[in-house]
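Peer 1: The following file, final_16.csv, comprises CSV, C-alpha atoms and all ligand atoms:
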```csv
chain,number,residue,atom,x,y,z
A,64,VAL,CA,26.8,-26.2,-26.6
A,65,GLN,CA,23.5,-27.4,-28.1
A,66,ILE,CA,21.9,-27.7,-24.7
A,67,GLU,CA,23.3,-24.4,-23.6
A,68,ASN,CA,21.7,-22.6,-26.7
A,69,ASP,CA,18.5,-24.5,-26.1
A,70,ILE,CA,18.4,-23.3,-22.4
A,71,ARG,CA,18.9,-19.8,-23.7
A,72,GLN,CA,16.1,-20.3,-26.2
A,73,ALA,CA,13.8,-21.8,-23.5
A,74,LEU,CA,14.4,-18.8,-21.2
A,75,LYS,CA,13.3,-16.5,-24.0
A,76,ALA,CA,10.3,-18.6,-25.0
A,77,GLY,CA,9.2,-18.7,-21.4
A,78,ASN,CA,6.8,-21.6,-21.7
A,79,GLN,CA,9.2,-24.6,-21.7
A,80,PHE,CA,10.0,-24.7,-18.0
A,81,ALA,CA,7.6,-25.7,-15.3
A,82,LEU,CA,7.7,-26.3,-11.6
A,83,HIS,CA,6.5,-29.5,-10.1
A,84,TYR,CA,5.8,-29.8,-6.4
A,85,GLN,CA,6.5,-32.7,-4.0
A,86,PRO,CA,4.6,-32.8,-0.8
A,87,VAL,CA,6.4,-32.7,2.6
A,88,LYS,CA,4.5,-34.4,5.4
A,89,ARG,CA,4.6,-34.3,9.1
A,90,ALA,CA,6.0,-37.7,10.2
A,91,ASP,CA,3.5,-38.1,13.0
A,92,THR,CA,0.2,-37.0,11.5
A,93,LYS,CA,1.1,-37.3,7.8
A,94,GLU,CA,-0.4,-33.8,7.2
A,95,THR,CA,1.2,-32.0,4.3
A,96,ILE,CA,2.9,-29.0,5.7
A,97,GLY,CA,4.8,-27.9,2.6
A,98,VAL,CA,6.1,-28.7,-0.9
A,99,GLU,CA,9.5,-28.7,-2.6
A,100,ALA,CA,9.6,-27.0,-6.0
A,101,LEU,CA,11.5,-29.0,-8.6
A,102,VAL,CA,12.0,-27.6,-12.1
A,103,ARG,CA,11.1,-29.5,-15.3
A,104,TRP,CA,12.0,-28.7,-18.9
A,105,PHE,CA,9.7,-29.7,-21.8
A,106,HIS,CA,12.1,-29.4,-24.7
A,107,PRO,CA,10.1,-28.7,-28.0
A,108,LYS,CA,12.0,-31.5,-29.8
A,109,LYS,CA,13.5,-33.8,-27.1
A,110,GLY,CA,10.6,-33.8,-24.8
A,111,LEU,CA,11.1,-33.9,-21.0
A,112,ILE,CA,14.7,-33.3,-19.9
A,113,SER,CA,15.8,-34.1,-16.4
A,114,PRO,CA,17.2,-31.2,-14.2
A,115,ALA,CA,20.0,-33.6,-13.3
A,116,GLU,CA,21.0,-33.1,-17.0
A,117,PHE,CA,20.4,-29.4,-17.6
A,118,ILE,CA,21.0,-27.8,-14.1
A,119,PRO,CA,24.8,-28.7,-14.2
A,120,VAL,CA,25.0,-27.1,-17.7
A,121,ALA,CA,23.1,-24.0,-16.5
A,122,GLU,CA,25.5,-23.8,-13.6
A,123,ARG,CA,28.6,-24.1,-15.8
A,124,THR,CA,27.4,-21.5,-18.3
A,125,GLY,CA,26.0,-18.9,-15.9
A,126,LEU,CA,22.5,-19.5,-17.2
A,127,ILE,CA,21.5,-20.7,-13.7
A,128,ILE,CA,21.3,-17.0,-12.7
A,129,PRO,CA,18.3,-16.2,-15.0
A,130,LEU,CA,16.9,-19.7,-14.7
A,131,GLY,CA,17.2,-19.5,-10.9
A,132,GLU,CA,15.4,-16.2,-10.8
A,133,TRP,CA,12.6,-17.6,-13.0
A,134,ILE,CA,12.3,-20.6,-10.6
A,135,VAL,CA,12.1,-18.3,-7.5
A,136,ARG,CA,9.5,-16.0,-9.2
A,137,LYS,CA,7.4,-18.9,-10.4
A,138,ALA,CA,7.5,-20.5,-7.0
A,139,CYS,CA,6.4,-17.2,-5.4
A,140,GLN,CA,3.5,-16.9,-7.9
A,141,ASP,CA,2.3,-20.4,-7.1
A,142,LEU,CA,2.7,-19.7,-3.4
A,143,TYR,CA,0.5,-16.6,-3.9
A,144,ALA,CA,-2.1,-18.8,-5.7
A,145,MET,CA,-2.0,-21.3,-2.8
A,146,ARG,CA,-2.7,-18.6,-0.3
A,147,LEU,CA,-5.7,-17.5,-2.4
A,148,GLU,CA,-6.9,-21.1,-2.1
A,149,GLY,CA,-6.7,-20.8,1.6
A,150,LEU,CA,-3.6,-23.1,1.8
A,151,THR,CA,-0.8,-22.3,4.2
A,152,LEU,CA,2.1,-24.3,2.9
A,153,THR,CA,5.8,-23.7,3.0
A,154,VAL,CA,7.4,-23.8,-0.5
A,155,ALA,CA,11.0,-25.1,-0.5
A,156,ILE,CA,13.1,-23.8,-3.4
A,157,ASN,CA,16.5,-25.3,-4.4
A,158,ILE,CA,19.2,-22.6,-4.6
A,159,SER,CA,22.4,-23.5,-6.5
A,160,THR,CA,25.9,-22.6,-5.3
A,161,GLU,CA,26.3,-20.3,-8.2
A,162,GLN,CA,23.2,-18.3,-7.2
A,163,MET,CA,24.4,-18.0,-3.6
A,164,LYS,CA,27.8,-16.7,-4.8
A,165,GLN,CA,26.2,-13.6,-6.3
A,166,PRO,CA,27.1,-10.5,-4.2
A,167,ASP,CA,23.5,-9.2,-4.6
A,168,PHE,CA,21.7,-12.6,-4.0
A,169,VAL,CA,19.8,-11.4,-1.0
A,170,ASP,CA,18.6,-8.3,-2.8
A,171,ILE,CA,17.5,-10.3,-5.8
A,172,ILE,CA,15.4,-12.7,-3.7
A,173,ARG,CA,14.0,-9.9,-1.6
A,174,THR,CA,12.9,-8.0,-4.7
A,175,ILE,CA,11.1,-11.0,-6.2
A,176,VAL,CA,9.3,-11.8,-3.0
A,177,ARG,CA,8.1,-8.2,-2.6
A,178,THR,CA,7.0,-7.9,-6.2
A,179,GLU,CA,5.0,-11.2,-6.0
A,180,GLY,CA,3.5,-10.2,-2.7
A,181,VAL,CA,4.4,-13.3,-0.7
A,182,ASP,CA,5.6,-13.7,2.8
A,183,PRO,CA,9.2,-14.9,3.2
A,184,SER,CA,8.2,-17.0,6.2
A,185,ASN,CA,6.4,-19.3,3.8
A,186,ILE,CA,9.6,-19.9,1.8
A,187,GLN,CA,12.4,-22.2,2.6
A,188,LEU,CA,15.6,-21.9,0.7
A,189,GLU,CA,17.4,-25.2,0.2
A,190,ILE,CA,21.2,-24.8,0.1
A,191,THR,CA,23.9,-27.5,-0.2
A,192,GLU,CA,26.8,-27.9,2.2
A,193,ASN,CA,29.1,-27.1,-0.7
A,194,ALA,CA,27.5,-23.7,-1.2
A,195,LEU,CA,28.2,-22.8,2.5
A,196,MET,CA,31.8,-23.9,2.3
A,197,GLU,CA,32.6,-21.4,-0.3
A,198,ASN,CA,33.2,-17.8,0.9
A,199,THR,CA,32.2,-18.7,4.4
A,200,ALA,CA,32.1,-15.2,5.9
A,201,GLU,CA,30.1,-13.9,3.1
A,202,SER,CA,27.7,-16.8,3.2
A,203,VAL,CA,27.2,-16.4,6.9
A,204,ALA,CA,26.2,-12.8,6.3
A,205,LYS,CA,23.8,-13.7,3.5
A,206,ILE,CA,22.2,-16.5,5.5
A,207,ASP,CA,21.7,-14.2,8.5
A,208,MET,CA,20.2,-11.5,6.3
A,209,LEU,CA,17.8,-14.0,4.6
A,210,ARG,CA,16.7,-15.3,8.0
A,211,ALA,CA,16.2,-11.7,9.3
A,212,LEU,CA,13.9,-11.2,6.3
A,213,GLY,CA,11.9,-14.2,7.5
A,214,PHE,CA,13.1,-16.9,5.1
A,215,THR,CA,13.9,-20.3,6.6
A,216,ILE,CA,17.1,-22.1,5.5
A,217,ALA,CA,17.5,-25.9,5.0
A,218,ILE,CA,20.7,-27.8,4.3
A,219,ASP,CA,19.9,-30.0,1.3
A,220,ASP,CA,21.5,-33.4,0.7
A,221,PHE,CA,22.8,-33.3,4.3
A,222,GLY,CA,25.7,-35.6,4.8
A,223,THR,CA,26.9,-35.8,1.2
A,224,GLY,CA,28.9,-32.6,0.7
A,225,TYR,CA,32.6,-31.9,0.9
A,226,SER,CA,32.4,-30.4,4.3
A,227,SER,CA,32.9,-30.9,8.0
A,228,LEU,CA,30.2,-30.5,10.6
A,229,SER,CA,31.9,-27.3,11.8
A,230,TYR,CA,29.9,-25.2,9.5
A,231,LEU,CA,26.9,-25.9,11.7
A,232,LYS,CA,28.7,-23.8,14.4
A,233,HIS,CA,28.8,-20.7,12.1
A,234,PHE,CA,25.5,-21.0,10.2
A,235,LYS,CA,22.2,-20.7,11.9
A,236,VAL,CA,19.9,-22.9,9.8
A,237,ASP,CA,16.3,-24.1,10.4
A,238,SER,CA,16.3,-27.6,8.9
A,239,LEU,CA,18.4,-30.5,7.8
A,240,LYS,CA,17.3,-32.5,4.8
A,241,ILE,CA,18.8,-35.9,5.1
A,242,ASP,CA,20.0,-37.1,1.7
A,243,GLN,CA,17.9,-39.9,0.1
A,244,SER,CA,21.0,-42.2,-0.2
A,245,PHE,CA,20.8,-42.7,3.6
A,246,ILE,CA,17.0,-43.2,3.6
A,247,ARG,CA,16.4,-45.6,0.7
A,248,ASP,CA,17.5,-48.8,2.4
A,249,LEU,CA,16.0,-48.1,5.9
A,250,PRO,CA,15.3,-49.9,8.1
A,251,ARG,CA,17.5,-52.7,6.7
A,252,GLU,CA,21.0,-51.1,6.5
A,253,ASN,CA,22.9,-50.8,9.7
A,254,ALA,CA,25.2,-48.0,8.5
A,255,ASP,CA,22.2,-46.0,7.3
A,256,LYS,CA,20.4,-46.5,10.6
A,257,ALA,CA,23.4,-45.2,12.5
A,258,ILE,CA,23.9,-42.2,10.2
A,259,VAL,CA,20.2,-41.3,10.3
A,260,ALA,CA,20.0,-41.7,14.1
A,261,ALA,CA,23.0,-39.4,14.6
A,262,THR,CA,21.6,-36.8,12.3
A,263,LEU,CA,18.2,-36.8,14.0
A,264,GLN,CA,20.0,-36.4,17.4
A,265,LEU,CA,22.1,-33.6,15.9
A,266,GLY,CA,19.0,-31.8,14.7
A,267,GLU,CA,17.3,-32.2,18.1
A,268,LYS,CA,20.3,-30.9,20.0
A,269,LEU,CA,20.6,-28.0,17.7
A,270,GLY,CA,16.9,-27.3,17.9
A,271,ILE,CA,16.3,-27.6,14.2
A,272,THR,CA,13.9,-29.7,12.2
A,273,THR,CA,14.8,-32.8,10.2
A,274,VAL,CA,13.4,-33.9,6.8
A,275,ALA,CA,14.0,-37.4,5.4
A,276,GLU,CA,14.0,-37.4,1.6
A,277,GLY,CA,13.5,-40.4,-0.6
A,278,VAL,CA,11.0,-42.2,1.7
A,279,GLU,CA,9.8,-44.9,-0.6
A,280,THR,CA,8.3,-47.5,1.7
A,281,GLU,CA,5.8,-47.7,4.6
A,282,ALA,CA,8.6,-49.5,6.6
A,283,SER,CA,11.0,-46.6,6.2
A,284,SER,CA,8.2,-44.1,7.0
A,285,GLN,CA,7.3,-45.9,10.2
A,286,TYR,CA,10.9,-46.3,11.2
A,287,LEU,CA,11.6,-42.6,10.7
A,288,LYS,CA,8.5,-41.5,12.6
A,289,GLU,CA,9.5,-43.7,15.6
A,290,SER,CA,13.1,-42.3,15.4
A,291,GLY,CA,11.8,-38.8,15.8
A,292,CYS,CA,12.3,-37.4,12.3
A,293,SER,CA,10.1,-34.2,11.9
A,294,TYR,CA,9.1,-34.4,8.3
A,295,LEU,CA,9.0,-37.0,5.5
A,296,GLN,CA,9.2,-36.6,1.7
A,297,GLY,CA,9.3,-39.3,-1.0
A,298,TYR,CA,7.6,-41.4,-3.6
A,299,HIS,CA,5.8,-43.3,-0.8
A,300,PHE,CA,3.6,-40.2,-0.5
A,301,SER,CA,3.9,-38.6,-3.8
A,302,LYS,CA,6.2,-37.9,-6.7
A,303,PRO,CA,6.8,-34.2,-7.7
A,304,ILE,CA,3.5,-33.3,-9.5
A,305,PRO,CA,2.2,-30.3,-11.4
A,306,TYR,CA,0.4,-27.5,-9.5
A,307,GLN,CA,-3.1,-28.6,-10.5
A,308,GLU,CA,-2.4,-32.2,-9.5
A,309,LEU,CA,-1.1,-30.9,-6.2
A,310,MET,CA,-4.4,-29.2,-5.6
A,311,MET,CA,-6.2,-32.5,-6.2
A,312,TYR,CA,-3.8,-34.3,-4.0
A,313,LEU,CA,-4.5,-31.8,-1.1
A,314,ASP,CA,-8.3,-32.0,-1.7
A,315,ARG,CA,-8.2,-35.8,-1.3
A,316,GLU,CA,-6.3,-35.3,1.9
A,317,LYS,CA,-9.0,-33.2,3.5
A,401,LIG,O1,13.6,-33.5,-9.6
A,401,LIG,P1,14.8,-34.4,-9.8
A,401,LIG,O2,15.0,-35.5,-8.8
A,401,LIG,O3,14.8,-34.9,-11.2
A,401,LIG,O4,16.0,-33.4,-9.7
A,401,LIG,C1,17.3,-33.8,-10.1
A,401,LIG,C2,18.3,-32.8,-9.5
A,401,LIG,O5,18.1,-31.5,-10.0
A,401,LIG,C3,18.3,-32.8,-8.0
A,401,LIG,O6,19.6,-32.8,-7.5
A,401,LIG,C4,17.7,-31.5,-7.7
A,401,LIG,O7,18.2,-30.9,-6.5
A,401,LIG,C5,18.0,-30.6,-8.9
A,401,LIG,N1,17.0,-29.6,-9.1
A,401,LIG,C6,15.7,-29.8,-9.4
A,401,LIG,N2,15.0,-28.7,-9.4
A,401,LIG,C7,15.9,-27.7,-9.1
A,401,LIG,C8,15.8,-26.3,-9.0
A,401,LIG,O8,14.7,-25.7,-9.1
A,401,LIG,N3,16.9,-25.6,-8.8
A,401,LIG,C9,18.1,-26.2,-8.6
A,401,LIG,N4,19.2,-25.4,-8.4
A,401,LIG,N5,18.2,-27.5,-8.7
A,401,LIG,C10,17.1,-28.3,-8.9
A,402,LIG,O1,18.9,-32.7,-4.6
A,402,LIG,P1,17.4,-32.7,-4.2
A,402,LIG,O2,17.2,-33.3,-2.8
A,402,LIG,O3,16.8,-31.4,-4.3
A,402,LIG,O4,16.7,-33.6,-5.2
A,402,LIG,C1,15.4,-34.1,-5.0
A,402,LIG,C2,15.2,-35.1,-6.1
A,402,LIG,O5,14.9,-36.4,-5.6
A,402,LIG,C3,14.1,-34.7,-7.1
A,402,LIG,O6,14.6,-34.9,-8.4
A,402,LIG,C4,13.0,-35.7,-6.8
A,402,LIG,O7,12.3,-36.0,-8.0
A,402,LIG,C5,13.8,-36.9,-6.3
A,402,LIG,N1,13.0,-37.7,-5.4
A,402,LIG,C6,12.1,-37.3,-4.5
A,402,LIG,N2,11.6,-38.3,-3.8
A,402,LIG,C7,12.2,-39.4,-4.2
A,402,LIG,C8,12.1,-40.8,-3.8
A,402,LIG,O8,11.3,-41.2,-3.0
A,402,LIG,N3,12.9,-41.7,-4.5
A,402,LIG,C9,13.8,-41.3,-5.5
A,402,LIG,N4,14.5,-42.2,-6.0
A,402,LIG,N5,13.9,-40.0,-5.8
A,402,LIG,C10,13.1,-39.1,-5.2
A,403,MN,MN,16.2,-30.3,-2.6
A,404,NA,NA,18.2,-33.5,-1.1
```
Translate this structure into structure tokens?

Peer 2:
Amino acid sequence: VQIENDIRQALKAGNQFALHYQPVKRADTKETIGVEALVRWFHPKKGLISPAEFIPVAERTGLIIPLGEWIVRKACQDLYAMRLEGLTLTVAINISTEQMKQPDFVDIIRTIVRTEGVDPSNIQLEITENALMENTAESVAKIDMLRALGFTIAIDDFGTGYSSLSYLKHFKVDSLKIDQSFIRDLPRENADKAIVAATLQLGEKLGITTVAEGVETEASSQYLKESGCSYLQGYHFSKPIPYQELMMYLDREK
């Protein structure tokens, strides 16, 4: 209850949340093609609190709705600033199941994007398998509308949800983000190698891109590149970093 009240307070205060950005790289050239936005909370008394701790509370209490809107708006504002810097990056935003469930979710997202003056084609919405399994017919309609507006859709934490592959038959998505639990121990673990190879082939046959998350070593980076993974993300390249640090990171890359 304390944390719930503190989230409420933080949403009012407006300056306790921040978005950090983790670069997403082309596997072949290592060019940064996009970033994933990850929320951070600087609590006035407790300091930095992990989203792993407060996102579940926000989801349980409904506060993920205003917090989620803040995240989308902030990511759009940063995307706008990137465009002014001459950068063409895709910004990936995590969308929680509770947000997807809102009947007017598409309208909310569309309004924010219009107000902030950014192009949906530069925004990727990351959705978990679990979010798609709830209210399938409604979710299919929402995903189709979002894609018609120009957003791209990624399945986040691919392979870890309570789902069957059959949803890939009903949902047209643009990208699979392979969960870091399958990536961490590459190229050593045989089970991980088999799961990753099958996922990369699935992506290729479906004509959608694949992103490996949690790339922590050169060996796993090299292995994924040779296996045909499209994009890589992980501490091997960069942790999630504040906007200004991202600008410096991209400068160094030039
Ligand atoms: O960034 P970090 O690894 O600490 O995030 C921990 C968890 O919090 C991850 O599961 C991540 O998906 C989730 N998370 C981080 N930022 C966001 C966000 O902006 N929105 C939602 N819904 N989840 C987030
Ligand atoms: O659930 P989602 O995939 O959105 O969560 C991403 C989380 O993974 C973020 O909290 C981010 O900080 C974390 N992360 C990103 N790259 C790495 C990595 O290479 N290793 C580990 N252990 N965590 C990572
Ligand atoms: Mn994610
Ligand atoms: Na993930």

Peer 1: Show me which residues sit within 6 Å of ligand LIG 402 (chain A) when counting all atoms listed in the file, and put them as a ChimeraX atom specification.

Peer 2: /A:219-220,276-279,297-298,303

Peer 1: Go through A:His83, A:His233, A:Arg251, A:Arg123 one by one, measure the shortest atom-to-atom distance of each to Leu195 of chain A using all atoms listed in the file, and give the residue with the smallest value.

Peer 2: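 Of A:His83, A:His233, A:Arg251, A:Arg123, the one nearest Leu195 of chain A is A:His233, counting all atoms listed in the file.
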
Peer 1: What is the distance between atom CA of Lys88 of chain A and atom CA of Pro114 of chain A, in Å to one decimal?

Peer 2: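 Distance between the two atoms: 23.6 Å.
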
Peer 1: Taking into account all atoms listed in the file, which residue in the set A:Val259, A:Ile70, A:Ala204, A:Ile171 is nearest to Leu126 of chain A?

Peer 2: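 Result for the nearest residue to Leu126 of chain A: A:Ile70.
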
Peer 1: One number please: atom CA of Ala257 of chain A to atom CA of Tyr286 of chain A, in Å, one decimal.

Peer 2: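 Between these atoms lies a distance of 12.6 Å.
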
Peer 1: 10 Å from ligand NA 404 (chain A) is the threshold here; counting only C-alpha atoms and all ligand atoms, which polymer residues fall inside it? Answer as a ChimeraX atom specification.

Peer 2: /A:157,189-191,217-223,239-244,274-277,296

Peer 1: Would you mind exporting the chosen residues as an mmCIF file, keeping the file's coordinate frame, restricted to C-alpha atoms?

Peer 2:
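result14.cif written:
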```cif
data_model
loop_
_atom_site.group_PDB
_atom_site.id
_atom_site.type_symbol
_atom_site.label_atom_id
_atom_site.label_comp_id
_atom_site.auth_asym_id
_atom_site.auth_seq_id
_atom_site.Cartn_x
_atom_site.Cartn_y
_atom_site.Cartn_z
ATOM 1 C CA ASN A 157 16.500 -25.300 -4.400
ATOM 2 C CA GLU A 189 17.400 -25.200 0.200
ATOM 3 C CA ILE A 190 21.200 -24.800 0.100
ATOM 4 C CA THR A 191 23.900 -27.500 -0.200
ATOM 5 C CA ALA A 217 17.500 -25.900 5.000
ATOM 6 C CA ILE A 218 20.700 -27.800 4.300
ATOM 7 C CA ASP A 219 19.900 -30.000 1.300
ATOM 8 C CA ASP A 220 21.500 -33.400 0.700
ATOM 9 C CA PHE A 221 22.800 -33.300 4.300
ATOM 10 C CA GLY A 222 25.700 -35.600 4.800
ATOM 11 C CA THR A 223 26.900 -35.800 1.200
ATOM 12 C CA LEU A 239 18.400 -30.500 7.800
ATOM 13 C CA LYS A 240 17.300 -32.500 4.800
ATOM 14 C CA ILE A 241 18.800 -35.900 5.100
ATOM 15 C CA ASP A 242 20.000 -37.100 1.700
ATOM 16 C CA GLN A 243 17.900 -39.900 0.100
ATOM 17 C CA SER A 244 21.000 -42.200 -0.200
ATOM 18 C CA VAL A 274 13.400 -33.900 6.800
ATOM 19 C CA ALA A 275 14.000 -37.400 5.400
ATOM 20 C CA GLU A 276 14.000 -37.400 1.600
ATOM 21 C CA GLY A 277 13.500 -40.400 -0.600
ATOM 22 C CA GLN A 296 9.200 -36.600 1.700
#
```

Peer 1: Counting all atoms listed in the file, what is within 10 Å of Trp104 of chain A, bar same-chain residues fewer than 5 positions away, as a list of chain:residue names?

Peer 2: A:Ile70, A:Ala73, A:Asn78, A:Gln79, A:Phe80, A:Ala81, A:Leu82, A:Lys109, A:Gly110, A:Leu111, A:Ile112, A:Ser113, A:Pro114, A:Phe117

Peer 1: At a cut-off of 7 Å around ligand LIG 401 (chain A), and using all atoms listed in the file, what residues come up? Please write them as a list in words.

Peer 2: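 Using all atoms listed in the file, everything at most 7 Å from ligand LIG 401 (chain A) comes to Ala100, Leu101, Val102, Ser113, Pro114, Ala115, Ile118, Gly131, Ile134, Ile156, Asn157, Ile158 and Ser159 of chain A.
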
Peer 1: Show me, as a list in words, the residues that have an atom within 12 Å of Glu148 of chain A when counting all atoms listed in the file, minus same-chain residues fewer than 4 positions from it.

Peer 2: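 Close residues of Glu148 of chain A: Asp141, Leu142, Tyr143, Ala144, Leu152, Gln307, Met310, Leu313 and Asp314 of chain A.
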
Peer 1: Using only C-alpha atoms and all ligand atoms, can you tell me which of A:Gln187, A:Arg103, A:Ser283, A:Ser290 comes closest to ligand MN 403 (chain A)?

Peer 2: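 With only C-alpha atoms and all ligand atoms as the atom set, the closest residue is A:Gln187.
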
Peer 1: List as a PDB file with C-alpha atoms, keeping the file's coordinate frame the protein and nucleic acid residues near Thr273 of chain A, meaning an atom at most 9 Å away when all atoms listed in the file are counted, but skip any in the same chain fewer than 3 places from it.

Peer 2:
```
ATOM      1  CA  ASP A 237      16.300 -24.100  10.400  1.00  0.00           C
ATOM      2  CA  SER A 238      16.300 -27.600   8.900  1.00  0.00           C
ATOM      3  CA  LEU A 239      18.400 -30.500   7.800  1.00  0.00           C
ATOM      4  CA  LYS A 240      17.300 -32.500   4.800  1.00  0.00           C
ATOM      5  CA  ILE A 241      18.800 -35.900   5.100  1.00  0.00           C
ATOM      6  CA  THR A 262      21.600 -36.800  12.300  1.00  0.00           C
ATOM      7  CA  LEU A 263      18.200 -36.800  14.000  1.00  0.00           C
ATOM      8  CA  GLY A 266      19.000 -31.800  14.700  1.00  0.00           C
ATOM      9  CA  GLU A 267      17.300 -32.200  18.100  1.00  0.00           C
ATOM     10  CA  GLY A 291      11.800 -38.800  15.800  1.00  0.00           C
ATOM     11  CA  CYS A 292      12.300 -37.400  12.300  1.00  0.00           C
ATOM     12  CA  SER A 293      10.100 -34.200  11.900  1.00  0.00           C
ATOM     13  CA  TYR A 294       9.100 -34.400   8.300  1.00  0.00           C
ATOM     14  CA  LEU A 295       9.000 -37.000   5.500  1.00  0.00           C
TER      15      LEU A 295
END
```

Peer 1: Quick one, how far is atom CA of Thr280 of chain A from atom CA of Glu308 of chain A?

Peer 2: 21.8 Å
